[in-house]
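S.K.: Structure below; questions to follow.
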Amino acid sequence: MKSLLLSALGRVRLQGWAYRAYENVASLRALGRRPPPADDGLPVPPPRLIVRVAGTPDARWFLESGRTAASAIRAALDRAGRPLDEFDSILDFGCGCGRVTRRWAALDGVEVHGSDRNAAAIAWCRANLGFARFETNELAPPLAHPSGTFDLVYALSVFTHLTEELGLAWVEELARVLRPDGYVLLTTHGARYRDGLTPKERARFDAGELVVRRPEAVGSNLCAAFHPRAYVQETLAGPLEPVEFVPEGATGNPHQDLHLLRKPKP
C-alpha cells in the first residue's frame with residue numbers, strides 16, 4: 001500500500017512539473033507579444049499570471065472570458081430579483097489576477113473584494129485594480145473577512161479543483177462571511193463532462209456522488225472534481241438553499257454548470 005501511495009505521489013509530482021513547465025514555456029512565448037488594449041481601460045496582467053488563470057497566455061481570451069463571466073453573474077442575480085448594483089459588498093473568491101474582478105470597476109456604491117491563494121496575483125491586483133480590496137487565503141479556511149461581510153460571494157472554477165472535504169469546508173466558510181439573504185454563486189464540472197469519465201467514475205457520478213481525480217494535487221489545475229447536480233444541491237450546499245441551476249450556464253468558464261445558492265434569513 002505504501003509503495004502504491006508513493007507511486008501515485010510520484011506521478012502527481014511529475015504531472016505537476018510538466019504542467020508548470022507548460023505554463024512557463026507558454027508565458028515566455030507570449031512575452032514578445034503586445035497585449036490587446038483592454039476594453040475596460042485597465043492594465044492587462046503579464047502572461048505568467050494569465051496562464052495560471054485561463055490555462056493559456058492569450059490576453060484576448062482572458063479579457064473576453066472575464067467579460068462573459070461577469071455577464072453570467074449579473075444575469076443570474078437579475079433572474080433572482082437581486083440586481084448586482086443593489087448590493088453593498090461582493091467577494092470574488094479565487095479571483096486570480098482579476099479576470100472577473102476588473103469588470104466591477106464601474107459599480108457605484110458597491111465594495112468589491114477579491115481573495116486568492118496566489119500571492120503574486122494578489123500583489124498584481126493590489127497594484128493595478130485600486131477600486132477593490134484584495135487578500136490572500138490558504139488552501140483551507142478561514143478567510144480574512146469578518147462574519148456577515150458580503151451580499152454576494154462568487155467562486156468560478158474553484159470547487160472544480162477541490163476535494164470533498166475542502167469543498168464542504170469552503171461552503172461553510174463562504175456562508176459564514178455572507179449576510180442573511182445573501183448569495184453564493186459557484187461553477188462546477190457537470191453532466192457535460194460525464195462522457196470523459198471512466199466507467200467506474202461514471203457510475204459514481206450517475207449515483208449522485210462527487211468524483212475527484214488526482215486529489216493529491218488539490219487546489220491546482222491537476223485536481224479535477226466533477227459534481228452531479230444532486231450532490232451540489234443536497235450535500236455541497238450545506239447551510240445554503242439552492243435558488244437556480246443552469247446546466248453549462250457559466251459562460252466565461254466554458255461548459256461548466258452554474259449554481260446560485262442563498263443564505264436563509266434567521
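We label chains A, B, ... in the order they appear in the C-alpha cells, count residues from 1 in each chain, and number ligands from 1 in the order shown.
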Apply DSSP to the backbone of this structure and, from range 86-186 of chain A, keep only the residues in strand (DSSP E or B); write these as a PyMOL selection string.

M.R.: chain A and resi 89-93+111-116+133-136+150-155+178-186

S.K.: Can you pull out every residue within 12 Å of Gly41 in chain A, counting only C-alpha atoms, but drop anything in the same chain fewer than 6 positions away, and send it as a ChimeraX atom specification?

M.R.: /A:63,102-103,105-106,128-129

S.K.: Kindly export the residues of the current selection with C-alpha atoms, as a PDB file, in the first residue's frame.

M.R.:
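Heads up, here's the output in out.pdb:
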```pdb
ATOM      1  CA  LEU A  63     -10.375  39.596 -21.247  1.00  0.00           C
ATOM      2  CA  ARG A 102     -11.869  44.042 -13.071  1.00  0.00           C
ATOM      3  CA  ARG A 103     -15.377  44.060 -14.565  1.00  0.00           C
ATOM      4  CA  ALA A 105     -14.683  48.853 -11.593  1.00  0.00           C
ATOM      5  CA  ALA A 106     -17.701  50.941 -12.550  1.00  0.00           C
ATOM      6  CA  ASN A 128      -3.428  47.685 -10.672  1.00  0.00           C
ATOM      7  CA  LEU A 129      -7.063  47.361  -9.564  1.00  0.00           C
TER       8      LEU A 129
END
```

S.K.: Calculated over only C-alpha atoms, which of the candidates A:Val211, A:Val184, A:Leu174, A:Leu42 has the smallest distance to Ala127 in chain A?

M.R.: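 Comparing A:Val211, A:Val184, A:Leu174, A:Leu42 against Ala127 in chain A, the winner is A:Leu42.
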
S.K.: Under the rule that only C-alpha atoms are counted, which of A:Asp88, A:Asp116, A:Glu135, A:Glu248 is the nearest residue to His189 in chain A?

M.R.: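 Closest candidate: A:Glu248.
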
S.K.: List the spatial neighbours of Ala59 in chain A as a VMD selection string - criterion: any atom at most 8 Å away, only C-alpha atoms, same-chain residues fewer than 2 positions off excluded.

M.R.: chain A and resid 35 to 36 44 47 50 57 61 to 63

S.K.: Those selected residues, please, written with N, CA and C atoms and delivered as a CSV table (one decimal), in the first residue's frame.

M.R.:
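Result written to selection.csv:
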```csv
chain,number,residue,atom,x,y,z
A,35,PRO,N,0.1,43.0,-25.7
A,35,PRO,CA,-1.3,42.6,-25.3
A,35,PRO,C,-2.3,43.6,-26.0
A,36,PRO,N,-3.5,43.1,-26.3
A,36,PRO,CA,-4.5,44.0,-26.9
A,36,PRO,C,-5.0,45.0,-25.9
A,44,VAL,N,-3.4,45.1,-18.3
A,44,VAL,CA,-3.5,43.7,-18.6
A,44,VAL,C,-2.4,43.0,-17.9
A,47,PRO,N,1.7,37.6,-18.9
A,47,PRO,CA,1.4,36.2,-19.3
A,47,PRO,C,1.5,35.2,-18.2
A,50,ILE,N,-1.7,35.4,-16.3
A,50,ILE,CA,-2.9,35.0,-17.1
A,50,ILE,C,-3.0,33.5,-17.3
A,57,PRO,N,-1.9,31.8,-22.2
A,57,PRO,CA,-1.5,33.2,-22.1
A,57,PRO,C,-2.2,34.2,-23.0
A,61,TRP,N,-8.4,36.1,-24.9
A,61,TRP,CA,-9.4,35.1,-24.2
A,61,TRP,C,-9.5,35.5,-22.7
A,62,PHE,N,-8.5,35.9,-22.1
A,62,PHE,CA,-8.6,36.3,-20.7
A,62,PHE,C,-9.6,37.4,-20.5
A,63,LEU,N,-9.5,38.4,-21.4
A,63,LEU,CA,-10.4,39.6,-21.2
A,63,LEU,C,-11.8,39.2,-21.6
```

S.K.: Can you list, as a compact mmCIF listing (two decimals) with C-alpha atoms, in the first residue's frame, every protein, DNA or RNA residue that comes within 9 Å of Pro242 in chain A when you count only C-alpha atoms, leaving out same-chain residues fewer than 6 positions away?

M.R.:
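Wrote it out as selection.txt, contents follow:
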```txt
# COMPACT_ATOMS: atom_id res chain seq x y z
CA VAL A 232 -24.38 20.17 -5.10
CA GLN A 233 -27.96 20.79 -4.02
CA GLU A 234 -28.24 18.06 -1.38
CA HIS A 259 -25.31 27.16 -9.25
CA LEU A 260 -26.89 30.02 -7.34
CA LEU A 261 -27.35 29.42 -3.61
CA ARG A 262 -28.87 31.63 -0.92
```

S.K.: Report the residues of range 49-204 of chain A whose backbone DSSP state falls under alpha helix (DSSP H), written as JSON, numbers by chain.

M.R.: {"A": [49, 50, 51, 52, 53, 54, 59, 60, 61, 62, 63, 64, 65, 66, 67, 68, 69, 70, 71, 72, 73, 74, 75, 76, 77, 78, 79, 119, 120, 121, 122, 123, 124, 125, 126, 127, 128, 164, 165, 166, 167, 168, 169, 170, 171, 172, 173, 174, 175, 176, 199, 200, 201, 202, 203, 204]}

S.K.: Using only C-alpha atoms, which protein or nucleic acid residues come within 6 Å of range 214-226 of chain A? Drop anything in the same chain fewer than 5 positions from it, and give the result as number ranges by chain.

M.R.: A: 160-162, 189-190

S.K.: In terms of the shortest atom-to-atom distance over only C-alpha atoms, which of A:Ala230, A:Leu49, A:Ala169, A:Val177 is closest to Phe205 in chain A?

M.R.: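 Going through A:Ala230, A:Leu49, A:Ala169, A:Val177 one by one, the smallest distance to Phe205 in chain A is for A:Ala230.
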
S.K.: Hey, what's within 12 Å of Ala207 in chain A if we count only C-alpha atoms and toss same-chain stuff fewer than 2 positions away? As a ChimeraX atom specification, please?

M.R.: /A:200-205,209-211,227-231

S.K.: Figure out the distance between CA of Leu139 in chain A and CA of Arg117 in chain A, please, to one decimal in Å.

M.R.: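 Going from CA of Arg117 in chain A over to CA of Leu139 in chain A, I get 6.8 Å.
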
S.K.: So, with only C-alpha atoms as the atoms that count, which of A:Val112, A:Ala38, A:Val100, A:Val212 lies closest to Glu164 in chain A?

M.R.: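 Going through A:Val112, A:Ala38, A:Val100, A:Val212 one by one, the smallest distance to Glu164 in chain A is for A:Val212.
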
S.K.: At what distance in Å, to one decimal, does CA of Lys265 in chain A lie from CA of Asp181 in chain A?

M.R.: 5.5 Å

S.K.: Considering only C-alpha atoms, return as a PyMOL selection string whatever protein or nucleic-acid residues lie within 6 Å of Asp257 in chain A, sequence-local ones (same chain, fewer than 6 positions apart) excluded.

M.R.: chain A and resi 187-188+190+246-250

S.K.: Using Å and a single decimal, report how far CA of Ala69 in chain A sits from CA of Thr163 in chain A.

M.R.: 23.9 Å

S.K.: Would you mind telling me which residue in A:Glu172, A:Asp85, A:Asp195, A:Asp151 lies nearest to Ala237 in chain A when using only C-alpha atoms?

M.R.: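 Using only C-alpha atoms, the shortest distance to Ala237 in chain A belongs to A:Glu172.
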